[in-house]
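These notes are about the structure you will find just below.
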Amino acid sequence: MSTDVKQNEAAGAADHGHDEGHASAAFYVWIGVILAVVTGVEVAIFYIEAMDPYEAPLLVVLSAAKVVLVIMFFMHLKMEPRFLTWVFMAGVVLATFMVSALVVLYHVLPVFGG
Amino acid sequence: MSSVGTQTVEQQHTSHEEDTGLWSWITTVDHKRIAIMYFVTATFFFFVAGAKALAIRVQLMFPEQELITPEVYNQFFTMHGTTMIFLVAMPMAVAFFNYVVPLQIGARDVAFPRLNALSYWVFLFGGLYLNSSFIVGAAPHASWVGYATLTMPEFSPGQNTNFWLIGLSILGIASIAGGVNFITTIINMRAPGMKLMRMPLFTWMTFVTSFLLITAIPVIGVALIYLGFDRLFGTVFFQPAGGGDPVLWQHLFWIFGHPEVYILILPAFGVISDVIPTFSKKPLFGYPIVVYAGLLIGFIGWGVWSHHMFTVGLGPIADSFFVAATMIIAIPTGVKIFNWIATMWGGSLKFTTAMLFSVGLVAVFTVGGLSGIMHASAPVNLQQHDTYFVVAHFHYVIVGGAMMGLWAGLYYWFPKVRGRYLSETLGKWHFWTTMIGFNLTFFPMHFAGIFGMPRRIYTYSAELNVDIYNQLATIGAFIFALSAVIMAWNLVKSWRGGEKAPANPWGAPHLEWSIPSPPHHYNFPAIPTVQSREPLWNDGEREAILAVTMEEPETEPVMPNPSYWPILLAASITLIWALVMTGIWWVIALAILPVIYCVFKWGMEPAFPEGH
Amino acid sequence: MAQAAAAVDDHGHTTTGISNFKVGFWTFIASECLFFGTLISTYMVYKGRAVVGPYPAEIFDVLITTISTTVLLFSSLAMVLALHAVQLGKKKHAIMWLLAVIAMGGIFLGMEFNSYLKYIDYGLTLGSSTFGSSYYVLTGTHKVHVVLGMVWMAVLIWLIARNRIPPAKAEQVEIAGLYWHFVDIIWIVIFTLVYLIQ
Amino acid sequence: MRLTMKRPQGNRDGSAGVGPGVRTLGARLVAFLVAPLLMGGLMAGCADEYPQSSISPHTDFAEIIHSLYVSIFWWSMLILAVVWLLLAWVIVKYRRKSEDEKPRQIRGHLGLEIGWTIGPALIVIAIAIPTVQAVFATQQPVSEDALEVEVVGHQFWWEFHYPEQGVTTANELWLPVDRPVNLRLESNDVIHSFWVPKLGGKRDVNPVPAVREGQDPKYNWLYFTPQETGVFMGQCAEFCGQSHALMAMRVVVESEEGFQDWVDRWFASEGAALPAGAEPDAETELQMPGEEPDVQEDEELQAVDQDEDPMVTLGRETFLNSTCVACHGVEGTSAQGVIGPNLTLFGARSTLGAGIMENNRENLVRWIIDPQGIKAAVAMPGTEYPGGNWPATGLSDGEVEAVAAYLLSLK
Ligand code: HEA
Ligand code: HEA
Ligand code: CUA
Ligand SMILES: [Cu+2]
């Protein structure tokens with residue numbers, strides 16, 4: 001963590017790139033469209049029976065992609081200093097860890113007889 | 001201004017007189033005053049919870065005694081544990097965060113001064129609310145871990161458990177707000193040149209602790225919501241008959257609970273990582289390693305919660321995982337211990353009270369850590385879990401670790417706060433009565449536990465033959481109580497009559513010692529530039545810094561406005577939470593109006609005087 | 001002394017160059033991750049464990065939920081466009097987009113409450129099973145967040161209308177946006193884990 | 001309340017009773033000071049002095065735990081010694097002698113850092129490997145022909161079912177020596193924890209969440225093989241409410257024959273009240289649990305020998321005709337209640353009220369008159385106070401005496 005923050009500091013406290021962060025309205029609309037399309041794909045996967053075996057992993061990946069898109073572009077995290085990502089990731093990583101750990105404890109381990 | 005050491009208190013108070021009336025304290029947003037209020041409140045609760053501990057010890061002094069009824073006993077140990085953890089150890093650490101961190105990083109205040117005041121008032125009201133349960137005779141009685149299904153309405157009718165769950169959720173708000181505040185402060189308010197890897201260890205540990213706060217508290221927050229819903233709205237989260245699993249409560253509680261214990265200990269580690277180098281006249285040995293070890297403890301601490309649940313029946317695979325994760329924590333903790341010793345090695349050790357408490361911590365905490373390792377071995381845990389062996393373990397790490405660390409901090413920073421020393425004579429008395437009383441109280445508990453005495457029992461059979469250990473513990477507890485009284489006496493006495501202290505009484509290296517004692521309300525007339533980890537130990541750097549920090553500015557820095565909205569908002573938040581107990585929805589709905597009003601007024605009130 | 005005087009007015013200055021407000025808010029969002037993480041874990045833990053029906057497969061209408069989900073997604077788009085407009089000083093546009101955010105949030109809530117009513121008809125209540133408890137508390141908490149977001153947007157509209165948010169203060173809208181997008185993200189996760197992966 | 005506890009007897013064969021025990025303060029202080037050695041297991045001989053000691057193993061399970069504990073204990077002592085010696089050394093050696101001292105400013109040493117990372121890491125591995133082995137070793141059913149017992153925790157007593165034998169008893173678990181047992185643990189209300197230290201570690205007794213049809217409920221298990229006969233003390237080890245402190249139990253480990261004899265007596269318990277020489281009632285003996293008794297109450301009473309102590313007869317009548325039977329069962333009678341402890345062979349129990357006091361007439365009378373006065377929040381009515389959703393039993397002192405006599409006659 002520290003190294004990244006140091007880089008930021010090296011970059012200086014100067015008013016850093018808000019301007020480069022301003023994408024055009026069209027760009028945002030595009031992102032919105034992509035999000036909608038991915039949602040469509042997800043729902044399609046849900047309905048197409050042939051996809052059933054891959055359903056769970058595919059859906060998780062797709063929705064993760066959506067989440068990343070929103071965070072990077074709508075929330076401009078991509079444009080912010082890197083350590084903001086770290087702060088946020090601390091929460092995301094721990095939350096993901098917790099969800100997975102509990103799912104494993106309750107749904108996976110019992111399959112192996114505890 | 002050549003010699004910092006000779007400056008007197010009077011000289012420092014030439015330019016500015018602060019308001020000192022009650023109103024100025026109520027409306028203050030100054031981190032230093034908030035710190036003092038935190039400390040005083042936490043110390044008050046320490047006596048409250050300590051008194052309960054004494055009652056517990058008296059009841060347990062002899063087998064088969066009936067001095068207090070089982071119901072009252074249960075309320076006592078529940079409120080002892082809850083109060084000590086949430087109203088003593090945590091807020092006392094927060095008191096130090098508040099006072100010290102801005103000074104250490106060269107800031108005028110924390111990032112959100114009003115939010116800081118709000119945290120304090122919410123904490124105070126939450127604590128008072130929790131303790132008001134005694135007035136209505138319905139104090140929480142289901143232990144500080146509140147296991148379902150004992151907390152379900154069938155087994156805990158009445159308001160007891162409602163007080164507990166509502167009280168804790170109120171306190172959670174204060175903690176999360178505090179965590180956000182300190183993370184932002186440390187990320188964003190450092191003096192020029194104060195790189196992360198130049199921050200004093202105490203600031204570092206505050207940073208890690210704050211992360212633990214903002215991540216762990218939401219988990220128990222949700223668990224408390226479930227509990228409240230189960231009790232008030234008939235959900236079945238923990239109701240076995242409805243398919244709910246009471247063990248889920250344990251998971252959620254300990255996912256919070258284990259990071260919580262590192263919330264308690266890391267600040268203490270931070271304190272002594274600052275104190276030991278100062279009194280050894282040597283920089284901290286292996287600074288980056290100690291920092292990383294702290295980060296690692298905080299991080300791994302997230303993956304070990306089920307070591308509180310080895311008896312629950314999770315199965316061998318889960319048990320093994322949690323065994324491994326838990327034991328790994330011994331390594332970074334050990335690294336810290338060895339680095340402290342190495343710092344002292346070859347140093348010039350001066351045993352002030354602060355140093356005594358720090359060294360005492362290293363000696364005593366290790367005992368508690370090692371009994372932790374014994375618990376961490378799942379099969380061994382099956383014998384030790386829920387016995388006095390565990391009680392011994394956690395008092396060793398909490399009292400011998402967290403509390404002793406904070407007391408070290410108290411003696412270390414008091415001269416900064418007050419411009420006067422705490423009496424060293426009384427300090428040494430405090431230390432030695434603590435050491436003797438503490439060990440006499442908690443060491444025998446190992447034996448009581450090993451020989452089969454479960455915890456949370458209001459009486460025990462004479463047959464167990466553990467009376468001697470209980471008697472020693474009870475005697476120890478009273479010696480320990482004496483130490484607490486000595487501390488309080490020292491505080492009261494030295495506040496007015498202590499020997500005057502200069503700006504840097506200990507010859508310490510960090511920024512907080514570069515300003516007058518007590519500091520101006522604006523801390524730094526101008527913000528100094530930092531060039532190293534021990535700025536005041538490098539001659540050139542020190543001169544440059546002191547030239548800035550000891551200066552009397554012609555115009556004082558502009559500080560945030562005082563505000564009464566924090567206390568009003570805190571009161572209305574507490575009110576709405578407390579009204580949940582009534583279970584009448586429209587009362588609760590109405591009570592949201594004052595909250596909205598306060599938030600609105602808060603938002604509209606300028607944080608700084610006009611023109612800033 | 002000159003040095004000191006210069007530093008007197010520096011409370012806007014920060015180590016990293018971004019405002020405290022923004023850093024603090026991201027920190028708060030990190031905390032919220034754990035909040036919703038706990039709610040979601042609980043739902044996942046109880047998945048497939050409800051003792052009595054109705055079970056998810058019997059009552060969820062994925063098509064309807066897809067529509068409400070898409071509406072919420074587009075509200076995020078409206079939000080970012082509102083911010084864009086504020087940054088460019090286009091007051092009218094900004095108000096329009098913010099109204100759109102509120103409207104879409106409202107549609108989302110309306111559709112969701114409608115589904116709630118249907119589920120209750122099917123016999124799924126807070127106390128009927130672990131599915132009922134964990135489902136309603138998870139989605140209900142999300143809805144409370146949506147409502148708070150809508151209130152926040154309304155306040156922003158009021159401020160913009162009174163010219164209190166010039167482009168220089170666009171950050172106020174940006175942060176409200178962070179909140180709104182975060183609430184949207186949570187719904188993306190809920191949509192997948194609750195509705196699609198049954 | 002003064003609990004008059006009965007010390008557990010020694011081995012059933014009568015050989016080793018409880019020694020006089022070290023009772024004087026001085027002797028105990030000595031015991032206290034040498035206790036660290038004791039923790040290492042060097043003084044296992046002292047075991048009897050601590051009837052609930054967790055370092056006095058009497059089963060394979062407890063044995064595994066104990067040896068693991070001993071090894072971790074010594075590792076810890078080693079680490080503690082190192083830390084304390086280093087600390088003592090620096091405190092003594094580097095005490096400040098003059099204020100002008102200027103120690104060398106050493107900032108760190110990579111080799112040392114690596115050393116004190118790897119050293120503890122190795123110790124951790126040395127502890128973790130046998131731990132994991134023990135984790136797996138102690139969580140497998142020990143053998144196929146194990147005796148299965150269903151343990152049900154209640155606020156604040158223990159219920160034991162033997163599905164194979166068809167026996168139900170309470171608060172005193174009888175086990176045959178050298179035969180593996182599998183305990184299936186389940187709670188009726190809140191979480192309890194089954195813990196008999198000398199027989200091994202504890203395991204929580206959880207309420208089992210309801211499951212959908214076709215799914216398996218999840219139970220906790222404990223597996224061990226008692227290796228010695230004797231009476232072992234145990235206690236609930238999970239806080240379960242007001243009388244958690246008073247939720248104890250005894251485990252009676254008997255020889256195979258002794259155990260079988262106990263089972264037989266269980267089915268013949270009413271017959272056991274017959275005068276010596278009389279044959280037990282064949283019908284009662286064969287009675288299976290849960291089956292309706294095929295004799296009417298009156299006949300039942302008539303079937304008993306006329307020489308019986310009239311108190312017992314009166315007690316039986318009173319017992320069977322009062323609310324007691326709503327909650328208590330006695331094998332071979334019309335008493336079939338299941339809410340409270342099964343009282344068959346009650347007279348053979350050494351303790352009363354879930355192991356908290358000696359089972360004698362005086363205590364029993366006190367118990368029946370006012371159970372809640374002895375044990376807070378007990379779900380049983382007294383003669384004058386209601387309890388467990390039942391009104392006061394209203395028995396007179398004489399009736400109570402009689403009921404007590406009857407219950408104690410059930411051996
Ligand atoms: C300040 C608070 C604090 C701290 C720091 C710790 C630290 C540790 N704790 Fe403790 N713990 C509590 C507070 C704390 N604990 C509380 C409050 C409870 C009870 C809660 C309740 O039930 O009410 C508890 C309970 C508890 C349990 C559950 C017991 C039970 O109920 O059955 C366990 C089990 O593993 C455990 C383990 C540990 C371990 C392994 C550490 C480690 O972090 C310790 C690491 C330190 C060392 C090991 C010493 C120094 C290291 C060296 C010198 C290096 C060499 C060492 C080795 C190679 C081993 N703790
Ligand atoms: C910060 C944490 C902390 C601290 C400092 C302490 C401090 C002490 N604790 Fe403990 N304790 C816990 C946290 C803490 N504790 C927790 C979490 C539990 C578990 C609860 C549970 O199971 O749910 C517990 C449980 C616990 C038990 C087990 C109860 C049981 O299981 O039945 C015991 C028993 O002896 C005990 C004793 C003590 C003693 C003697 C002190 C002493 O150190 C206290 C010394 C302080 C004083 C004595 C203050 C001075 C007071 C006076 C001079 C009194 C007069 C003054 C006034 C009235 C104003 N504590
Ligand atoms: Cu049952 Cu404690
Ligand atoms: Cu822990």
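Following the order of the structure tokens, chains are lettered A, B, ..., residues in each are numbered from 1, and ligands are numbered from 1.
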Show me which residues are within 7 Å of ligand 4 counting only C-alpha atoms and all ligand atoms, and format the list as an mmCIF file with C-alpha atoms, in the first residue's frame.
```
data_model
loop_
_atom_site.group_PDB
_atom_site.id
_atom_site.type_symbol
_atom_site.label_atom_id
_atom_site.label_comp_id
_atom_site.auth_asym_id
_atom_site.auth_seq_id
_atom_site.Cartn_x
_atom_site.Cartn_y
_atom_site.Cartn_z
ATOM 1 C CA GLY B 257 -15.129 -9.892 17.385
ATOM 2 C CA HIS B 258 -11.705 -10.987 16.421
ATOM 3 C CA VAL B 261 -9.552 -7.585 19.806
ATOM 4 C CA VAL B 304 -9.276 -16.327 12.160
ATOM 5 C CA TRP B 305 -12.658 -15.737 13.741
ATOM 6 C CA HIS B 307 -10.999 -19.992 16.672
ATOM 7 C CA HIS B 308 -13.707 -18.839 19.064
#
```
Next on the checklist: Could you list, as a PyMOL selection string, every residue within 9 Å of Thr344 in chain D, counting only C-alpha atoms and ignoring same-chain residues fewer than 5 positions away?
Outcome noted: chain D and resi 168-169+266-267+269-270+329-332+407+410-411
Next on the checklist: Set the cut-off to 7 Å and count only C-alpha atoms: what are the residues of chain C that reach chain D? Output as a PyMOL selection string.
Outcome noted: chain C and resi 49-52
Any chance you can output those residues with all heavy atoms as a PDB file, in the first residue's frame?
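Here's the written file result-v6.pdb:
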```
ATOM      1  N   ARG C  49     -32.137 -23.363   2.066  1.00  0.00           N
ATOM      2  CA  ARG C  49     -32.350 -23.945   3.386  1.00  0.00           C
ATOM      3  C   ARG C  49     -33.698 -23.598   3.979  1.00  0.00           C
ATOM      4  O   ARG C  49     -33.972 -23.958   5.123  1.00  0.00           O
ATOM      5  CB  ARG C  49     -31.272 -23.459   4.345  1.00  0.00           C
ATOM      6  CG  ARG C  49     -29.960 -24.144   4.098  1.00  0.00           C
ATOM      7  CD  ARG C  49     -28.887 -23.571   4.995  1.00  0.00           C
ATOM      8  NE  ARG C  49     -27.660 -24.308   4.776  1.00  0.00           N
ATOM      9  CZ  ARG C  49     -27.050 -25.025   5.712  1.00  0.00           C
ATOM     10  NH1 ARG C  49     -27.528 -25.081   6.918  1.00  0.00           N
ATOM     11  NH2 ARG C  49     -25.945 -25.667   5.428  1.00  0.00           N
ATOM     12  N   ALA C  50     -34.514 -22.859   3.235  1.00  0.00           N
ATOM     13  CA  ALA C  50     -35.816 -22.512   3.793  1.00  0.00           C
ATOM     14  C   ALA C  50     -36.590 -23.797   4.070  1.00  0.00           C
ATOM     15  O   ALA C  50     -36.564 -24.726   3.272  1.00  0.00           O
ATOM     16  CB  ALA C  50     -36.578 -21.628   2.826  1.00  0.00           C
ATOM     17  N   VAL C  51     -37.219 -23.823   5.230  1.00  0.00           N
ATOM     18  CA  VAL C  51     -37.920 -25.047   5.613  1.00  0.00           C
ATOM     19  C   VAL C  51     -39.267 -25.152   4.904  1.00  0.00           C
ATOM     20  O   VAL C  51     -39.677 -26.210   4.464  1.00  0.00           O
ATOM     21  CB  VAL C  51     -38.127 -25.094   7.136  1.00  0.00           C
ATOM     22  CG1 VAL C  51     -38.752 -26.415   7.544  1.00  0.00           C
ATOM     23  CG2 VAL C  51     -36.816 -24.898   7.846  1.00  0.00           C
ATOM     24  N   VAL C  52     -39.952 -24.032   4.824  1.00  0.00           N
ATOM     25  CA  VAL C  52     -41.242 -24.052   4.145  1.00  0.00           C
ATOM     26  C   VAL C  52     -41.224 -23.040   3.008  1.00  0.00           C
ATOM     27  O   VAL C  52     -40.422 -22.111   2.994  1.00  0.00           O
ATOM     28  CB  VAL C  52     -42.384 -23.661   5.118  1.00  0.00           C
ATOM     29  CG1 VAL C  52     -42.547 -24.723   6.174  1.00  0.00           C
ATOM     30  CG2 VAL C  52     -42.116 -22.309   5.740  1.00  0.00           C
TER      31      VAL C  52
END
```
Item to check | Near-ligand residues for ligand 1, threshold 6 Å, only C-alpha atoms and all ligand atoms, as number ranges by chain | outcome: B: 261-262, 264-265, 307-308, 326-327, 329-331, 333-334, 366, 369-370, 372-373, 375-376, 381, 385-386, 390, 394, 397-398, 402; D: 79, 120, 123-124
Next on the checklist: How would you report the residues lying within 7 Å of ligand 3, as a ChimeraX atom specification, if you count only C-alpha atoms and all ligand atoms?
Outcome noted: /D:153-156,191-193,236-241,244-245,247
Checklist outcome for this item: Computed gap from CA of Asn206 in chain D to CA of Gly337 in chain D is 23.1 Å
Checklist entry - Counting only C-alpha atoms, which residues of chain C come no farther than 7 Å from chain B, as a list in words? => result Ala4, Ala7, Val8, Asp9, Thr14, Thr15, Thr16, Asn20, Val23, Gly24, Thr27, Phe28, Ser31, Leu34, Phe35, Thr38, Leu39, Ala50, Val51, Leu126, Gly127, Ser129, Thr130 and Ser133 of chain C
Restricting the output to N, CA and C atoms, write the selected residues as a PDB file, in the first residue's frame.
```
ATOM      1  N   ALA C   4       4.792  31.581   8.283  1.00  0.00           N
ATOM      2  CA  ALA C   4       3.672  31.234   9.144  1.00  0.00           C
ATOM      3  C   ALA C   4       2.387  31.857   8.623  1.00  0.00           C
ATOM      4  N   ALA C   7       0.725  30.059   5.921  1.00  0.00           N
ATOM      5  CA  ALA C   7       0.110  28.784   6.234  1.00  0.00           C
ATOM      6  C   ALA C   7      -1.209  28.937   6.975  1.00  0.00           C
ATOM      7  N   VAL C   8      -1.496  30.162   7.365  1.00  0.00           N
ATOM      8  CA  VAL C   8      -2.665  30.365   8.200  1.00  0.00           C
ATOM      9  C   VAL C   8      -3.954  29.909   7.520  1.00  0.00           C
ATOM     10  N   ASP C   9      -4.043  30.188   6.252  1.00  0.00           N
ATOM     11  CA  ASP C   9      -5.309  29.953   5.589  1.00  0.00           C
ATOM     12  C   ASP C   9      -5.362  28.644   4.816  1.00  0.00           C
ATOM     13  N   THR C  14      -4.657  19.730   1.199  1.00  0.00           N
ATOM     14  CA  THR C  14      -4.552  18.365   1.693  1.00  0.00           C
ATOM     15  C   THR C  14      -3.308  17.695   1.137  1.00  0.00           C
ATOM     16  N   THR C  15      -2.873  16.657   1.808  1.00  0.00           N
ATOM     17  CA  THR C  15      -1.673  15.955   1.398  1.00  0.00           C
ATOM     18  C   THR C  15      -1.785  15.430  -0.028  1.00  0.00           C
ATOM     19  N   THR C  16      -2.948  14.925  -0.342  1.00  0.00           N
ATOM     20  CA  THR C  16      -3.072  14.231  -1.618  1.00  0.00           C
ATOM     21  C   THR C  16      -3.665  15.085  -2.709  1.00  0.00           C
ATOM     22  N   ASN C  20     -10.906  16.226   1.618  1.00  0.00           N
ATOM     23  CA  ASN C  20     -11.205  15.315   2.715  1.00  0.00           C
ATOM     24  C   ASN C  20     -12.549  14.638   2.506  1.00  0.00           C
ATOM     25  N   VAL C  23     -12.197  11.690   0.163  1.00  0.00           N
ATOM     26  CA  VAL C  23     -11.485  10.565   0.788  1.00  0.00           C
ATOM     27  C   VAL C  23     -12.369   9.922   1.840  1.00  0.00           C
ATOM     28  N   GLY C  24     -12.986  10.776   2.656  1.00  0.00           N
ATOM     29  CA  GLY C  24     -13.848  10.253   3.710  1.00  0.00           C
ATOM     30  C   GLY C  24     -14.999   9.454   3.133  1.00  0.00           C
ATOM     31  N   THR C  27     -13.977   6.099   2.012  1.00  0.00           N
ATOM     32  CA  THR C  27     -13.763   5.253   3.186  1.00  0.00           C
ATOM     33  C   THR C  27     -15.093   4.719   3.687  1.00  0.00           C
ATOM     34  N   PHE C  28     -16.077   5.620   3.705  1.00  0.00           N
ATOM     35  CA  PHE C  28     -17.401   5.216   4.152  1.00  0.00           C
ATOM     36  C   PHE C  28     -17.966   4.132   3.229  1.00  0.00           C
ATOM     37  N   SER C  31     -16.660   0.880   4.034  1.00  0.00           N
ATOM     38  CA  SER C  31     -17.352   0.353   5.197  1.00  0.00           C
ATOM     39  C   SER C  31     -18.702  -0.243   4.794  1.00  0.00           C
ATOM     40  N   LEU C  34     -18.800  -3.826   3.595  1.00  0.00           N
ATOM     41  CA  LEU C  34     -18.881  -4.867   4.621  1.00  0.00           C
ATOM     42  C   LEU C  34     -20.302  -4.996   5.130  1.00  0.00           C
ATOM     43  N   PHE C  35     -20.987  -3.856   5.185  1.00  0.00           N
ATOM     44  CA  PHE C  35     -22.373  -3.869   5.639  1.00  0.00           C
ATOM     45  C   PHE C  35     -23.209  -4.742   4.707  1.00  0.00           C
ATOM     46  N   THR C  38     -22.231  -8.455   4.643  1.00  0.00           N
ATOM     47  CA  THR C  38     -22.830  -9.294   5.685  1.00  0.00           C
ATOM     48  C   THR C  38     -24.244  -9.691   5.308  1.00  0.00           C
ATOM     49  N   LEU C  39     -25.013  -8.715   4.806  1.00  0.00           N
ATOM     50  CA  LEU C  39     -26.391  -9.032   4.428  1.00  0.00           C
ATOM     51  C   LEU C  39     -26.404 -10.097   3.325  1.00  0.00           C
ATOM     52  N   ALA C  50     -34.514 -22.859   3.235  1.00  0.00           N
ATOM     53  CA  ALA C  50     -35.816 -22.512   3.793  1.00  0.00           C
ATOM     54  C   ALA C  50     -36.590 -23.797   4.070  1.00  0.00           C
ATOM     55  N   VAL C  51     -37.219 -23.823   5.230  1.00  0.00           N
ATOM     56  CA  VAL C  51     -37.920 -25.047   5.613  1.00  0.00           C
ATOM     57  C   VAL C  51     -39.267 -25.152   4.904  1.00  0.00           C
ATOM     58  N   LEU C 126     -41.762 -11.731   6.466  1.00  0.00           N
ATOM     59  CA  LEU C 126     -40.516 -11.604   7.226  1.00  0.00           C
ATOM     60  C   LEU C 126     -40.249 -12.853   8.055  1.00  0.00           C
ATOM     61  N   GLY C 127     -41.310 -13.414   8.612  1.00  0.00           N
ATOM     62  CA  GLY C 127     -41.099 -14.501   9.558  1.00  0.00           C
ATOM     63  C   GLY C 127     -41.415 -15.879   9.000  1.00  0.00           C
ATOM     64  N   SER C 129     -39.902 -17.813   6.748  1.00  0.00           N
ATOM     65  CA  SER C 129     -38.772 -18.731   6.619  1.00  0.00           C
ATOM     66  C   SER C 129     -37.486 -17.922   6.619  1.00  0.00           C
ATOM     67  N   THR C 130     -36.364 -18.619   6.665  1.00  0.00           N
ATOM     68  CA  THR C 130     -35.091 -17.894   6.591  1.00  0.00           C
ATOM     69  C   THR C 130     -34.969 -17.184   5.257  1.00  0.00           C
ATOM     70  N   SER C 133     -36.891 -13.930   5.748  1.00  0.00           N
ATOM     71  CA  SER C 133     -36.154 -12.997   6.604  1.00  0.00           C
ATOM     72  C   SER C 133     -34.973 -12.398   5.862  1.00  0.00           C
TER      73      SER C 133
END
```
Within 12 Å of chain A: each chain D residue with its shortest pair, only C-alpha atoms, as JSON lines:
```
{"residue": "D:Phe136", "atom": "CA", "partner": "A:Gly114", "partner_atom": "CA", "distance": 10.8}
{"residue": "D:Gln139", "atom": "CA", "partner": "A:Gly114", "partner_atom": "CA", "distance": 9.8}
{"residue": "D:Gln140", "atom": "CA", "partner": "A:Gly113", "partner_atom": "CA", "distance": 10.5}
{"residue": "D:Asp216", "atom": "CA", "partner": "A:Pro110", "partner_atom": "CA", "distance": 10.8}
{"residue": "D:Pro217", "atom": "CA", "partner": "A:Pro110", "partner_atom": "CA", "distance": 11.4}
{"residue": "D:Lys218", "atom": "CA", "partner": "A:Pro110", "partner_atom": "CA", "distance": 9.4}
{"residue": "D:Tyr219", "atom": "CA", "partner": "A:Gly114", "partner_atom": "CA", "distance": 11.3}
{"residue": "D:Asn220", "atom": "CA", "partner": "A:Gly114", "partner_atom": "CA", "distance": 10.8}
{"residue": "D:Trp221", "atom": "CA", "partner": "A:Gly114", "partner_atom": "CA", "distance": 11.8}
```
May I have the residues from that selection written out with C-alpha atoms, as a PDB file, in the first residue's frame?
```
ATOM      1  CA  PHE D 136      -8.796 -35.142  12.238  1.00  0.00           C
ATOM      2  CA  GLN D 139     -13.467 -36.005  14.783  1.00  0.00           C
ATOM      3  CA  GLN D 140     -13.963 -39.444  13.234  1.00  0.00           C
ATOM      4  CA  ASP D 216     -30.445 -34.116   6.844  1.00  0.00           C
ATOM      5  CA  PRO D 217     -30.398 -32.163  10.065  1.00  0.00           C
ATOM      6  CA  LYS D 218     -26.907 -31.456  11.285  1.00  0.00           C
ATOM      7  CA  TYR D 219     -25.956 -32.891  14.651  1.00  0.00           C
ATOM      8  CA  ASN D 220     -22.772 -32.524  16.637  1.00  0.00           C
ATOM      9  CA  TRP D 221     -20.947 -35.636  17.730  1.00  0.00           C
TER      10      TRP D 221
END
```
Checklist entry - Given a cut-off of 8 Å, what residues near ligand 2 show up using only C-alpha atoms and all ligand atoms, put as number ranges by chain? => result B: 44, 46-54, 56-57, 60, 73-74, 77-85, 88-89, 142-146, 387-388, 391, 394-395, 398-399, 402-403, 438, 441-442, 454-458, 473-474, 476-478, 480-485
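Atom to atom, CA of Gly347 in chain B and CA of Lys93 in chain D stand 9.3 Å apart.
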Item to check | Distance filter 8 Å, only C-alpha atoms, chain A against chain C, as a VMD selection string | outcome: chain A and resid 8 to 9 12 to 16 22 25 28 to 29 32 35 to 36 39 42 to 43 46 55 to 56 59 to 60 63 to 64 66 to 67 70 to 71 74 to 75 81 84 87 to 92 94 to 96 98 to 100 102 to 103 106 to 107
